[in-house]
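One file, protein-v2.tsv, is given below (TSV, N, CA and C atoms).
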chain	number	residue	atom	x	y	z
L	37	ILE	N	170.52	-4.01	145.20
L	37	ILE	CA	170.69	-2.73	145.86
L	37	ILE	C	170.60	-2.96	147.36
L	38	ALA	N	171.55	-2.44	148.09
L	38	ALA	CA	171.55	-2.55	149.54
L	38	ALA	C	171.24	-1.18	150.13
L	39	LEU	N	170.48	-1.14	151.20
L	39	LEU	CA	170.12	0.11	151.86
L	39	LEU	C	170.49	-0.01	153.33
L	40	ALA	N	171.31	0.92	153.80
L	40	ALA	CA	171.75	0.89	155.19
L	40	ALA	C	171.28	2.14	155.90
L	41	PHE	N	170.78	2.01	157.13
L	41	PHE	CA	170.32	3.14	157.91
L	41	PHE	C	171.31	3.41	159.03
L	42	ALA	N	171.73	4.67	159.16
L	42	ALA	CA	172.63	5.09	160.23
L	42	ALA	C	171.98	6.29	160.91
L	43	GLY	N	171.35	6.07	162.05
L	43	GLY	CA	170.62	7.16	162.71
L	43	GLY	C	169.45	7.56	161.84
L	44	SER	N	169.40	8.82	161.44
L	44	SER	CA	168.32	9.27	160.57
L	44	SER	C	168.77	9.37	159.11
L	45	GLN	N	169.98	8.88	158.82
L	45	GLN	CA	170.50	8.94	157.47
L	45	GLN	C	170.38	7.57	156.81
L	46	ALA	N	170.07	7.57	155.53
L	46	ALA	CA	170.00	6.33	154.76
L	46	ALA	C	171.01	6.42	153.62
L	47	VAL	N	171.74	5.34	153.42
L	47	VAL	CA	172.74	5.31	152.37
L	47	VAL	C	172.43	4.13	151.46
L	48	ALA	N	172.28	4.38	150.17
L	48	ALA	CA	172.02	3.30	149.21
L	48	ALA	C	173.34	2.90	148.56
L	49	GLN	N	173.57	1.62	148.47
L	49	GLN	CA	174.77	1.10	147.83
L	49	GLN	C	174.35	0.29	146.61
L	50	VAL	N	174.75	0.75	145.44
L	50	VAL	CA	174.45	0.06	144.20
L	50	VAL	C	175.76	-0.50	143.66
L	51	PRO	N	175.85	-1.82	143.51
L	51	PRO	CA	177.10	-2.38	143.00
L	51	PRO	C	177.34	-1.91	141.57
L	52	ASN	N	178.58	-1.49	141.29
L	52	ASN	CA	178.89	-1.05	139.94
L	52	ASN	C	179.40	-2.23	139.12
L	53	GLN	N	179.02	-2.25	137.88
L	53	GLN	CA	179.51	-3.27	136.98
L	53	GLN	C	179.33	-2.73	135.57
L	54	ALA	N	180.39	-2.77	134.79
L	54	ALA	CA	180.33	-2.30	133.43
L	54	ALA	C	179.39	-3.18	132.61
L	55	THR	N	178.55	-2.56	131.80
L	55	THR	CA	177.67	-3.30	130.91
L	55	THR	C	178.52	-4.02	129.88
L	56	VAL	N	178.26	-5.29	129.67
L	56	VAL	CA	179.08	-6.08	128.75
L	56	VAL	C	178.25	-6.43	127.51
L	57	LYS	N	178.76	-6.00	126.35
L	57	LYS	CA	178.20	-6.38	125.05
L	57	LYS	C	179.35	-6.94	124.23
L	58	THR	N	179.08	-7.92	123.39
L	58	THR	CA	180.15	-8.58	122.64
L	58	THR	C	180.43	-7.87	121.32
L	59	ASP	N	180.64	-6.55	121.36
L	59	ASP	CA	180.94	-5.78	120.15
L	59	ASP	C	182.37	-5.27	120.09
L	60	GLY	N	183.20	-5.64	121.07
L	60	GLY	CA	184.60	-5.23	121.07
L	60	GLY	C	184.85	-3.82	121.59
L	61	GLN	N	183.82	-3.14	122.07
L	61	GLN	CA	183.96	-1.78	122.60
L	61	GLN	C	184.21	-1.82	124.12
L	62	TRP	N	185.03	-0.87	124.61
L	62	TRP	CA	185.27	-0.76	126.04
L	62	TRP	C	184.06	-0.08	126.69
L	63	ARG	N	183.63	-0.60	127.82
L	63	ARG	CA	182.56	-0.01	128.61
L	63	ARG	C	183.03	0.05	130.06
L	64	SER	N	182.56	1.06	130.78
L	64	SER	CA	183.02	1.23	132.16
L	64	SER	C	181.91	1.76	133.05
L	65	ALA	N	182.11	1.60	134.35
L	65	ALA	CA	181.20	2.12	135.37
L	65	ALA	C	182.04	2.55	136.57
L	66	PHE	N	181.69	3.70	137.15
L	66	PHE	CA	182.44	4.23	138.29
L	66	PHE	C	181.46	4.70	139.36
L	67	ASN	N	181.86	4.57	140.62
L	67	ASN	CA	181.06	5.01	141.76
L	67	ASN	C	181.93	5.77	142.75
L	68	LEU	N	181.33	6.74	143.41
L	68	LEU	CA	182.00	7.50	144.46
L	68	LEU	C	181.03	7.62	145.62
L	69	GLY	N	181.51	7.35	146.83
L	69	GLY	CA	180.65	7.47	148.01
L	69	GLY	C	181.37	8.23	149.11
L	70	LEU	N	180.62	9.07	149.80
L	70	LEU	CA	181.14	9.86	150.91
L	70	LEU	C	180.18	9.75	152.08
L	71	SER	N	180.70	9.75	153.29
L	71	SER	CA	179.83	9.77	154.47
L	71	SER	C	180.50	10.58	155.58
L	72	TYR	N	179.68	11.20	156.40
L	72	TYR	CA	180.15	11.97	157.54
L	72	TYR	C	179.11	11.84	158.65
L	73	ALA	N	179.58	11.61	159.85
L	73	ALA	CA	178.67	11.53	161.01
L	73	ALA	C	179.35	12.18	162.20
L	74	SER	N	178.54	12.86	163.02
L	74	SER	CA	179.10	13.45	164.24
L	74	SER	C	178.12	13.26	165.39
L	75	GLY	N	178.64	13.29	166.55
L	75	GLY	CA	177.88	13.07	167.78
L	75	GLY	C	178.89	13.04	168.90
L	76	ASN	N	178.96	11.92	169.62
L	76	ASN	CA	180.01	11.77	170.63
L	76	ASN	C	181.39	11.72	169.98
L	77	THR	N	181.47	11.15	168.79
L	77	THR	CA	182.70	11.13	168.01
L	77	THR	C	182.37	11.53	166.58
L	78	LYS	N	183.38	11.94	165.85
L	78	LYS	CA	183.21	12.28	164.44
L	78	LYS	C	183.81	11.17	163.60
L	79	SER	N	183.10	10.80	162.54
L	79	SER	CA	183.64	9.79	161.63
L	79	SER	C	183.31	10.19	160.20
L	80	SER	N	184.18	9.77	159.29
L	80	SER	CA	183.98	10.06	157.88
L	80	SER	C	184.60	8.94	157.07
L	81	SER	N	184.10	8.78	155.85
L	81	SER	CA	184.68	7.78	154.96
L	81	SER	C	184.48	8.21	153.52
L	82	ILE	N	185.34	7.68	152.66
L	82	ILE	CA	185.25	7.90	151.23
L	82	ILE	C	185.49	6.55	150.55
L	83	ALA	N	184.73	6.29	149.52
L	83	ALA	CA	184.89	5.04	148.78
L	83	ALA	C	184.79	5.34	147.29
L	84	PHE	N	185.63	4.71	146.51
L	84	PHE	CA	185.63	4.86	145.06
L	84	PHE	C	185.77	3.47	144.46
L	85	SER	N	185.02	3.20	143.40
L	85	SER	CA	185.17	1.92	142.71
L	85	SER	C	184.94	2.13	141.22
L	86	GLY	N	185.53	1.26	140.44
L	86	GLY	CA	185.37	1.34	138.99
L	86	GLY	C	185.64	0.00	138.34
L	87	ASP	N	184.97	-0.23	137.24
L	87	ASP	CA	185.15	-1.44	136.44
L	87	ASP	C	185.15	-1.05	134.97
L	88	ALA	N	185.93	-1.75	134.18
L	88	ALA	CA	185.95	-1.57	132.73
L	88	ALA	C	186.00	-2.95	132.09
L	89	ALA	N	185.30	-3.11	130.97
L	89	ALA	CA	185.24	-4.43	130.31
L	89	ALA	C	185.19	-4.25	128.80
L	90	ARG	N	185.81	-5.20	128.11
L	90	ARG	CA	185.77	-5.28	126.66
L	90	ARG	C	185.51	-6.73	126.30
L	91	ALA	N	184.47	-6.98	125.51
L	91	ALA	CA	184.11	-8.36	125.18
L	91	ALA	C	183.90	-8.49	123.68
L	92	THR	N	184.31	-9.64	123.16
L	92	THR	CA	184.03	-10.04	121.79
L	92	THR	C	183.34	-11.40	121.86
L	93	ALA	N	183.03	-11.96	120.72
L	93	ALA	CA	182.41	-13.30	120.71
L	93	ALA	C	183.39	-14.37	121.19
L	94	GLN	N	184.70	-14.08	121.14
L	94	GLN	CA	185.71	-15.07	121.54
L	94	GLN	C	186.26	-14.89	122.96
L	95	ASP	N	186.30	-13.65	123.46
L	95	ASP	CA	186.91	-13.44	124.77
L	95	ASP	C	186.37	-12.20	125.46
L	96	LYS	N	186.77	-12.06	126.74
L	96	LYS	CA	186.36	-10.90	127.54
L	96	LYS	C	187.51	-10.53	128.47
L	97	LEU	N	187.81	-9.22	128.55
L	97	LEU	CA	188.85	-8.69	129.42
L	97	LEU	C	188.21	-7.66	130.34
L	98	THR	N	188.42	-7.81	131.65
L	98	THR	CA	187.86	-6.87	132.62
L	98	THR	C	188.96	-6.38	133.57
L	99	PHE	N	188.82	-5.13	133.99
L	99	PHE	CA	189.68	-4.51	134.99
L	99	PHE	C	188.76	-3.90	136.04
L	100	GLY	N	189.20	-3.92	137.29
L	100	GLY	CA	188.39	-3.33	138.35
L	100	GLY	C	189.24	-2.89	139.52
L	101	GLY	N	188.68	-2.00	140.31
L	101	GLY	CA	189.38	-1.54	141.49
L	101	GLY	C	188.44	-0.88	142.48
L	102	ARG	N	188.84	-0.88	143.73
L	102	ARG	CA	188.09	-0.26	144.80
L	102	ARG	C	189.06	0.37	145.80
L	103	TYR	N	188.64	1.51	146.35
L	103	TYR	CA	189.43	2.17	147.38
L	103	TYR	C	188.49	2.63	148.49
L	104	LEU	N	188.87	2.39	149.73
L	104	LEU	CA	188.08	2.78	150.89
L	104	LEU	C	189.02	3.39	151.92
L	105	ARG	N	188.62	4.54	152.47
L	105	ARG	CA	189.38	5.16	153.56
L	105	ARG	C	188.38	5.72	154.56
L	106	GLY	N	188.61	5.43	155.84
L	106	GLY	CA	187.71	5.90	156.88
L	106	GLY	C	188.46	6.43	158.08
L	107	HIS	N	187.87	7.44	158.72
L	107	HIS	CA	188.44	8.05	159.93
L	107	HIS	C	187.37	8.08	161.01
L	108	SER	N	187.78	7.87	162.24
L	108	SER	CA	186.89	7.97	163.38
L	108	SER	C	187.70	8.46	164.58
L	109	ALA	N	187.22	9.49	165.22
L	109	ALA	CA	187.88	10.06	166.40
L	109	ALA	C	189.33	10.43	166.10
L	110	GLY	N	189.60	10.91	164.90
L	110	GLY	CA	190.95	11.34	164.53
L	110	GLY	C	191.89	10.22	164.13
L	111	LEU	N	191.42	8.99	164.09
L	111	LEU	CA	192.26	7.85	163.71
L	111	LEU	C	191.80	7.27	162.38
L	112	THR	N	192.74	6.77	161.61
L	112	THR	CA	192.39	6.06	160.38
L	112	THR	C	191.94	4.66	160.76
L	113	VAL	N	190.69	4.32	160.45
L	113	VAL	CA	190.14	3.02	160.83
L	113	VAL	C	189.96	2.10	159.63
L	114	ALA	N	190.08	2.65	158.43
L	114	ALA	CA	189.98	1.84	157.22
L	114	ALA	C	190.86	2.47	156.15
L	115	ASP	N	191.65	1.65	155.48
L	115	ASP	CA	192.48	2.11	154.38
L	115	ASP	C	192.73	0.89	153.50
L	116	GLN	N	191.95	0.75	152.44
L	116	GLN	CA	191.98	-0.47	151.65
L	116	GLN	C	191.99	-0.14	150.16
L	117	LEU	N	192.87	-0.79	149.42
L	117	LEU	CA	192.95	-0.66	147.97
L	117	LEU	C	192.94	-2.06	147.38
L	118	ILE	N	192.02	-2.31	146.44
L	118	ILE	CA	191.92	-3.60	145.78
L	118	ILE	C	191.90	-3.35	144.27
L	119	LEU	N	192.79	-4.01	143.56
L	119	LEU	CA	192.84	-3.94	142.10
L	119	LEU	C	192.79	-5.35	141.54
L	120	GLY	N	192.17	-5.50	140.38
L	120	GLY	CA	192.10	-6.83	139.79
L	120	GLY	C	191.86	-6.78	138.30
L	121	THR	N	192.15	-7.88	137.65
L	121	THR	CA	191.89	-8.05	136.23
L	121	THR	C	191.50	-9.48	135.98
L	122	ARG	N	190.80	-9.71	134.87
L	122	ARG	CA	190.38	-11.07	134.53
L	122	ARG	C	190.30	-11.20	133.01
L	123	TYR	N	190.74	-12.34	132.51
L	123	TYR	CA	190.66	-12.63	131.08
L	123	TYR	C	189.92	-13.96	130.93
L	124	ASP	N	188.86	-13.96	130.13
L	124	ASP	CA	188.10	-15.18	129.84
L	124	ASP	C	188.12	-15.41	128.34
L	125	ARG	N	188.36	-16.64	127.93
L	125	ARG	CA	188.35	-17.01	126.51
L	125	ARG	C	187.36	-18.15	126.33
L	126	ASP	N	186.48	-17.99	125.34
L	126	ASP	CA	185.49	-19.03	125.06
L	126	ASP	C	186.04	-20.11	124.15
Mind converting the file's structure to structure tokens?
Amino acid sequence: IALAFAGSQAVAQVPNQATVKTDGQWRSAFNLGLSYASGNTKSSSIAFSGDAARATAQDKLTFGGRYLRGHSAGLTVADQLILGTRYDRD
């Protein structure tokens, strides 16, 4: 768990990860984060992430993604999309 302090605000970041059990069932985890700050300039951001996994005794399949968008002083300062998948076979 990471904890970041911005002025008098504290934001906790907990990494998301789907719980993996080898029973062949799909499991998932999702996170949503929002922030807003104002002072000399205004800034805001939104972040979304999710992971899904299915595992058996022989293999594991995972999917994941993250999206981040941030604005500061009326400009877009962050716009990132990451998607991924992974297949593991024992």
Worksheet entry | Interatomic distance, CA of Leu111 in chain L to CA of Gly69 in chain L (Å, one decimal) |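 Interatomic distance here is 19.5 Å.
The coordinates place atom N of Gly101 in chain L at 24.9 Å from CA of Ser79 in chain L.
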Item to complete: State, in Å with one decimal place, the distance from atom N of Asp87 in chain L to atom N of Arg102 in chain L.
Response: 7.6 Å
Looking only at strand (DSSP E or B) from DSSP on the backbone, list the matching residues of chain L as a PDB file with N, CA and C atoms, keeping the file's coordinate frame.
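Produced file out_32.pdb, reproduced below:
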ATOM      1  N   ALA L  38     171.550  -2.440 148.090  1.00  0.00           N
ATOM      2  CA  ALA L  38     171.550  -2.550 149.540  1.00  0.00           C
ATOM      3  C   ALA L  38     171.240  -1.180 150.130  1.00  0.00           C
ATOM      4  N   LEU L  39     170.480  -1.140 151.200  1.00  0.00           N
ATOM      5  CA  LEU L  39     170.120   0.110 151.860  1.00  0.00           C
ATOM      6  C   LEU L  39     170.490  -0.010 153.330  1.00  0.00           C
ATOM      7  N   ALA L  40     171.310   0.920 153.800  1.00  0.00           N
ATOM      8  CA  ALA L  40     171.750   0.890 155.190  1.00  0.00           C
ATOM      9  C   ALA L  40     171.280   2.140 155.900  1.00  0.00           C
ATOM     10  N   PHE L  41     170.780   2.010 157.130  1.00  0.00           N
ATOM     11  CA  PHE L  41     170.320   3.140 157.910  1.00  0.00           C
ATOM     12  C   PHE L  41     171.310   3.410 159.030  1.00  0.00           C
ATOM     13  N   ALA L  42     171.730   4.670 159.160  1.00  0.00           N
ATOM     14  CA  ALA L  42     172.630   5.090 160.230  1.00  0.00           C
ATOM     15  C   ALA L  42     171.980   6.290 160.910  1.00  0.00           C
ATOM     16  N   GLN L  45     169.980   8.880 158.820  1.00  0.00           N
ATOM     17  CA  GLN L  45     170.500   8.940 157.470  1.00  0.00           C
ATOM     18  C   GLN L  45     170.380   7.570 156.810  1.00  0.00           C
ATOM     19  N   ALA L  46     170.070   7.570 155.530  1.00  0.00           N
ATOM     20  CA  ALA L  46     170.000   6.330 154.760  1.00  0.00           C
ATOM     21  C   ALA L  46     171.010   6.420 153.620  1.00  0.00           C
ATOM     22  N   VAL L  47     171.740   5.340 153.420  1.00  0.00           N
ATOM     23  CA  VAL L  47     172.740   5.310 152.370  1.00  0.00           C
ATOM     24  C   VAL L  47     172.430   4.130 151.460  1.00  0.00           C
ATOM     25  N   ALA L  48     172.280   4.380 150.170  1.00  0.00           N
ATOM     26  CA  ALA L  48     172.020   3.300 149.210  1.00  0.00           C
ATOM     27  C   ALA L  48     173.340   2.900 148.560  1.00  0.00           C
ATOM     28  N   GLN L  49     173.570   1.620 148.470  1.00  0.00           N
ATOM     29  CA  GLN L  49     174.770   1.100 147.830  1.00  0.00           C
ATOM     30  C   GLN L  49     174.350   0.290 146.610  1.00  0.00           C
ATOM     31  N   TRP L  62     185.030  -0.870 124.610  1.00  0.00           N
ATOM     32  CA  TRP L  62     185.270  -0.760 126.040  1.00  0.00           C
ATOM     33  C   TRP L  62     184.060  -0.080 126.690  1.00  0.00           C
ATOM     34  N   ARG L  63     183.630  -0.600 127.820  1.00  0.00           N
ATOM     35  CA  ARG L  63     182.560  -0.010 128.610  1.00  0.00           C
ATOM     36  C   ARG L  63     183.030   0.050 130.060  1.00  0.00           C
ATOM     37  N   SER L  64     182.560   1.060 130.780  1.00  0.00           N
ATOM     38  CA  SER L  64     183.020   1.230 132.160  1.00  0.00           C
ATOM     39  C   SER L  64     181.910   1.760 133.050  1.00  0.00           C
ATOM     40  N   ALA L  65     182.110   1.600 134.350  1.00  0.00           N
ATOM     41  CA  ALA L  65     181.200   2.120 135.370  1.00  0.00           C
ATOM     42  C   ALA L  65     182.040   2.550 136.570  1.00  0.00           C
ATOM     43  N   PHE L  66     181.690   3.700 137.150  1.00  0.00           N
ATOM     44  CA  PHE L  66     182.440   4.230 138.290  1.00  0.00           C
ATOM     45  C   PHE L  66     181.460   4.700 139.360  1.00  0.00           C
ATOM     46  N   ASN L  67     181.860   4.570 140.620  1.00  0.00           N
ATOM     47  CA  ASN L  67     181.060   5.010 141.760  1.00  0.00           C
ATOM     48  C   ASN L  67     181.930   5.770 142.750  1.00  0.00           C
ATOM     49  N   LEU L  68     181.330   6.740 143.410  1.00  0.00           N
ATOM     50  CA  LEU L  68     182.000   7.500 144.460  1.00  0.00           C
ATOM     51  C   LEU L  68     181.030   7.620 145.620  1.00  0.00           C
ATOM     52  N   GLY L  69     181.510   7.350 146.830  1.00  0.00           N
ATOM     53  CA  GLY L  69     180.650   7.470 148.010  1.00  0.00           C
ATOM     54  C   GLY L  69     181.370   8.230 149.110  1.00  0.00           C
ATOM     55  N   LEU L  70     180.620   9.070 149.800  1.00  0.00           N
ATOM     56  CA  LEU L  70     181.140   9.860 150.910  1.00  0.00           C
ATOM     57  C   LEU L  70     180.180   9.750 152.080  1.00  0.00           C
ATOM     58  N   SER L  71     180.700   9.750 153.290  1.00  0.00           N
ATOM     59  CA  SER L  71     179.830   9.770 154.470  1.00  0.00           C
ATOM     60  C   SER L  71     180.500  10.580 155.580  1.00  0.00           C
ATOM     61  N   TYR L  72     179.680  11.200 156.400  1.00  0.00           N
ATOM     62  CA  TYR L  72     180.150  11.970 157.540  1.00  0.00           C
ATOM     63  C   TYR L  72     179.110  11.840 158.650  1.00  0.00           C
ATOM     64  N   ALA L  73     179.580  11.610 159.850  1.00  0.00           N
ATOM     65  CA  ALA L  73     178.670  11.530 161.010  1.00  0.00           C
ATOM     66  C   ALA L  73     179.350  12.180 162.200  1.00  0.00           C
ATOM     67  N   SER L  79     183.100  10.800 162.540  1.00  0.00           N
ATOM     68  CA  SER L  79     183.640   9.790 161.630  1.00  0.00           C
ATOM     69  C   SER L  79     183.310  10.190 160.200  1.00  0.00           C
ATOM     70  N   SER L  80     184.180   9.770 159.290  1.00  0.00           N
ATOM     71  CA  SER L  80     183.980  10.060 157.880  1.00  0.00           C
ATOM     72  C   SER L  80     184.600   8.940 157.070  1.00  0.00           C
ATOM     73  N   SER L  81     184.100   8.780 155.850  1.00  0.00           N
ATOM     74  CA  SER L  81     184.680   7.780 154.960  1.00  0.00           C
ATOM     75  C   SER L  81     184.480   8.210 153.520  1.00  0.00           C
ATOM     76  N   ILE L  82     185.340   7.680 152.660  1.00  0.00           N
ATOM     77  CA  ILE L  82     185.250   7.900 151.230  1.00  0.00           C
ATOM     78  C   ILE L  82     185.490   6.550 150.550  1.00  0.00           C
ATOM     79  N   ALA L  83     184.730   6.290 149.520  1.00  0.00           N
ATOM     80  CA  ALA L  83     184.890   5.040 148.780  1.00  0.00           C
ATOM     81  C   ALA L  83     184.790   5.340 147.290  1.00  0.00           C
ATOM     82  N   PHE L  84     185.630   4.710 146.510  1.00  0.00           N
ATOM     83  CA  PHE L  84     185.630   4.860 145.060  1.00  0.00           C
ATOM     84  C   PHE L  84     185.770   3.470 144.460  1.00  0.00           C
ATOM     85  N   SER L  85     185.020   3.200 143.400  1.00  0.00           N
ATOM     86  CA  SER L  85     185.170   1.920 142.710  1.00  0.00           C
ATOM     87  C   SER L  85     184.940   2.130 141.220  1.00  0.00           C
ATOM     88  N   GLY L  86     185.530   1.260 140.440  1.00  0.00           N
ATOM     89  CA  GLY L  86     185.370   1.340 138.990  1.00  0.00           C
ATOM     90  C   GLY L  86     185.640   0.000 138.340  1.00  0.00           C
ATOM     91  N   ASP L  87     184.970  -0.230 137.240  1.00  0.00           N
ATOM     92  CA  ASP L  87     185.150  -1.440 136.440  1.00  0.00           C
ATOM     93  C   ASP L  87     185.150  -1.050 134.970  1.00  0.00           C
ATOM     94  N   ALA L  88     185.930  -1.750 134.180  1.00  0.00           N
ATOM     95  CA  ALA L  88     185.950  -1.570 132.730  1.00  0.00           C
ATOM     96  C   ALA L  88     186.000  -2.950 132.090  1.00  0.00           C
ATOM     97  N   ALA L  89     185.300  -3.110 130.970  1.00  0.00           N
ATOM     98  CA  ALA L  89     185.240  -4.430 130.310  1.00  0.00           C
ATOM     99  C   ALA L  89     185.190  -4.250 128.800  1.00  0.00           C
ATOM    100  N   ARG L  90     185.810  -5.200 128.110  1.00  0.00           N
ATOM    101  CA  ARG L  90     185.770  -5.280 126.660  1.00  0.00           C
ATOM    102  C   ARG L  90     185.510  -6.730 126.300  1.00  0.00           C
ATOM    103  N   ALA L  91     184.470  -6.980 125.510  1.00  0.00           N
ATOM    104  CA  ALA L  91     184.110  -8.360 125.180  1.00  0.00           C
ATOM    105  C   ALA L  91     183.900  -8.490 123.680  1.00  0.00           C
ATOM    106  N   ASP L  95     186.300 -13.650 123.460  1.00  0.00           N
ATOM    107  CA  ASP L  95     186.910 -13.440 124.770  1.00  0.00           C
ATOM    108  C   ASP L  95     186.370 -12.200 125.460  1.00  0.00           C
ATOM    109  N   LYS L  96     186.770 -12.060 126.740  1.00  0.00           N
ATOM    110  CA  LYS L  96     186.360 -10.900 127.540  1.00  0.00           C
ATOM    111  C   LYS L  96     187.510 -10.530 128.470  1.00  0.00           C
ATOM    112  N   LEU L  97     187.810  -9.220 128.550  1.00  0.00           N
ATOM    113  CA  LEU L  97     188.850  -8.690 129.420  1.00  0.00           C
ATOM    114  C   LEU L  97     188.210  -7.660 130.340  1.00  0.00           C
ATOM    115  N   THR L  98     188.420  -7.810 131.650  1.00  0.00           N
ATOM    116  CA  THR L  98     187.860  -6.870 132.620  1.00  0.00           C
ATOM    117  C   THR L  98     188.960  -6.380 133.570  1.00  0.00           C
ATOM    118  N   PHE L  99     188.820  -5.130 133.990  1.00  0.00           N
ATOM    119  CA  PHE L  99     189.680  -4.510 134.990  1.00  0.00           C
ATOM    120  C   PHE L  99     188.760  -3.900 136.040  1.00  0.00           C
ATOM    121  N   GLY L 100     189.200  -3.920 137.290  1.00  0.00           N
ATOM    122  CA  GLY L 100     188.390  -3.330 138.350  1.00  0.00           C
ATOM    123  C   GLY L 100     189.240  -2.890 139.520  1.00  0.00           C
ATOM    124  N   GLY L 101     188.680  -2.000 140.310  1.00  0.00           N
ATOM    125  CA  GLY L 101     189.380  -1.540 141.490  1.00  0.00           C
ATOM    126  C   GLY L 101     188.440  -0.880 142.480  1.00  0.00           C
ATOM    127  N   ARG L 102     188.840  -0.880 143.730  1.00  0.00           N
ATOM    128  CA  ARG L 102     188.090  -0.260 144.800  1.00  0.00           C
ATOM    129  C   ARG L 102     189.060   0.370 145.800  1.00  0.00           C
ATOM    130  N   TYR L 103     188.640   1.510 146.350  1.00  0.00           N
ATOM    131  CA  TYR L 103     189.430   2.170 147.380  1.00  0.00           C
ATOM    132  C   TYR L 103     188.490   2.630 148.490  1.00  0.00           C
ATOM    133  N   LEU L 104     188.870   2.390 149.730  1.00  0.00           N
ATOM    134  CA  LEU L 104     188.080   2.780 150.890  1.00  0.00           C
ATOM    135  C   LEU L 104     189.020   3.390 151.920  1.00  0.00           C
ATOM    136  N   ARG L 105     188.620   4.540 152.470  1.00  0.00           N
ATOM    137  CA  ARG L 105     189.380   5.160 153.560  1.00  0.00           C
ATOM    138  C   ARG L 105     188.380   5.720 154.560  1.00  0.00           C
ATOM    139  N   GLY L 106     188.610   5.430 155.840  1.00  0.00           N
ATOM    140  CA  GLY L 106     187.710   5.900 156.880  1.00  0.00           C
ATOM    141  C   GLY L 106     188.460   6.430 158.080  1.00  0.00           C
ATOM    142  N   HIS L 107     187.870   7.440 158.720  1.00  0.00           N
ATOM    143  CA  HIS L 107     188.440   8.050 159.930  1.00  0.00           C
ATOM    144  C   HIS L 107     187.370   8.080 161.010  1.00  0.00           C
ATOM    145  N   SER L 108     187.780   7.870 162.240  1.00  0.00           N
ATOM    146  CA  SER L 108     186.890   7.970 163.380  1.00  0.00           C
ATOM    147  C   SER L 108     187.700   8.460 164.580  1.00  0.00           C
ATOM    148  N   LEU L 111     191.420   8.990 164.090  1.00  0.00           N
ATOM    149  CA  LEU L 111     192.260   7.850 163.710  1.00  0.00           C
ATOM    150  C   LEU L 111     191.800   7.270 162.380  1.00  0.00           C
ATOM    151  N   THR L 112     192.740   6.770 161.610  1.00  0.00           N
ATOM    152  CA  THR L 112     192.390   6.060 160.380  1.00  0.00           C
ATOM    153  C   THR L 112     191.940   4.660 160.760  1.00  0.00           C
ATOM    154  N   VAL L 113     190.690   4.320 160.450  1.00  0.00           N
ATOM    155  CA  VAL L 113     190.140   3.020 160.830  1.00  0.00           C
ATOM    156  C   VAL L 113     189.960   2.100 159.630  1.00  0.00           C
ATOM    157  N   ALA L 114     190.080   2.650 158.430  1.00  0.00           N
ATOM    158  CA  ALA L 114     189.980   1.840 157.220  1.00  0.00           C
ATOM    159  C   ALA L 114     190.860   2.470 156.150  1.00  0.00           C
ATOM    160  N   ASP L 115     191.650   1.650 155.480  1.00  0.00           N
ATOM    161  CA  ASP L 115     192.480   2.110 154.380  1.00  0.00           C
ATOM    162  C   ASP L 115     192.730   0.890 153.500  1.00  0.00           C
ATOM    163  N   GLN L 116     191.950   0.750 152.440  1.00  0.00           N
ATOM    164  CA  GLN L 116     191.980  -0.470 151.650  1.00  0.00           C
ATOM    165  C   GLN L 116     191.990  -0.140 150.160  1.00  0.00           C
ATOM    166  N   LEU L 117     192.870  -0.790 149.420  1.00  0.00           N
ATOM    167  CA  LEU L 117     192.950  -0.660 147.970  1.00  0.00           C
ATOM    168  C   LEU L 117     192.940  -2.060 147.380  1.00  0.00           C
ATOM    169  N   ILE L 118     192.020  -2.310 146.440  1.00  0.00           N
ATOM    170  CA  ILE L 118     191.920  -3.600 145.780  1.00  0.00           C
ATOM    171  C   ILE L 118     191.900  -3.350 144.270  1.00  0.00           C
ATOM    172  N   LEU L 119     192.790  -4.010 143.560  1.00  0.00           N
ATOM    173  CA  LEU L 119     192.840  -3.940 142.100  1.00  0.00           C
ATOM    174  C   LEU L 119     192.790  -5.350 141.540  1.00  0.00           C
ATOM    175  N   GLY L 120     192.170  -5.500 140.380  1.00  0.00           N
ATOM    176  CA  GLY L 120     192.100  -6.830 139.790  1.00  0.00           C
ATOM    177  C   GLY L 120     191.860  -6.780 138.300  1.00  0.00           C
ATOM    178  N   THR L 121     192.150  -7.880 137.650  1.00  0.00           N
ATOM    179  CA  THR L 121     191.890  -8.050 136.230  1.00  0.00           C
ATOM    180  C   THR L 121     191.500  -9.480 135.980  1.00  0.00           C
ATOM    181  N   ARG L 122     190.800  -9.710 134.870  1.00  0.00           N
ATOM    182  CA  ARG L 122     190.380 -11.070 134.530  1.00  0.00           C
ATOM    183  C   ARG L 122     190.300 -11.200 133.010  1.00  0.00           C
ATOM    184  N   TYR L 123     190.740 -12.340 132.510  1.00  0.00           N
ATOM    185  CA  TYR L 123     190.660 -12.630 131.080  1.00  0.00           C
ATOM    186  C   TYR L 123     189.920 -13.960 130.930  1.00  0.00           C
ATOM    187  N   ASP L 124     188.860 -13.960 130.130  1.00  0.00           N
ATOM    188  CA  ASP L 124     188.100 -15.180 129.840  1.00  0.00           C
ATOM    189  C   ASP L 124     188.120 -15.410 128.340  1.00  0.00           C
ATOM    190  N   ARG L 125     188.360 -16.640 127.930  1.00  0.00           N
ATOM    191  CA  ARG L 125     188.350 -17.010 126.510  1.00  0.00           C
ATOM    192  C   ARG L 125     187.360 -18.150 126.330  1.00  0.00           C
TER     193      ARG L 125
END
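With distances restricted to all atoms listed in the file, L:Ala109 is the closest residue to Thr77 in chain L from L:Leu104, L:Ala109, L:Ala93, L:Val56.
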Discussion item. From the options L:Arg125, L:Arg90, L:Arg105, L:Lys96, which residue's atoms come nearest to Trp62 in chain L, counting only C-alpha atoms?
Written reply: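 Among the listed residues, the smallest separation from Trp62 in chain L belongs to L:Arg90.
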Response to the item:
Between L:Ser71, L:Thr112, L:Ser64, L:Thr98, smallest distance to Gly86 in chain L by only C-alpha atoms belongs to L:Ser64
Discussion item. Give me the residues near Ala65 in chain L as a ChimeraX atom specification, where near means some atom within 10 Å (using only C-alpha atoms) and where sequence neighbours in that chain fewer than 2 positions away do not count.
Written reply: /L:51-55,63,67,85-89,100
Worksheet item: With all atoms listed in the file as the basis for distance, which of L:Asp126, L:Thr58, L:Ser74, L:Gln116 is at the shortest distance from Thr92 in chain L?
Response: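 Smallest separation from Thr92 in chain L among the options: L:Thr58.
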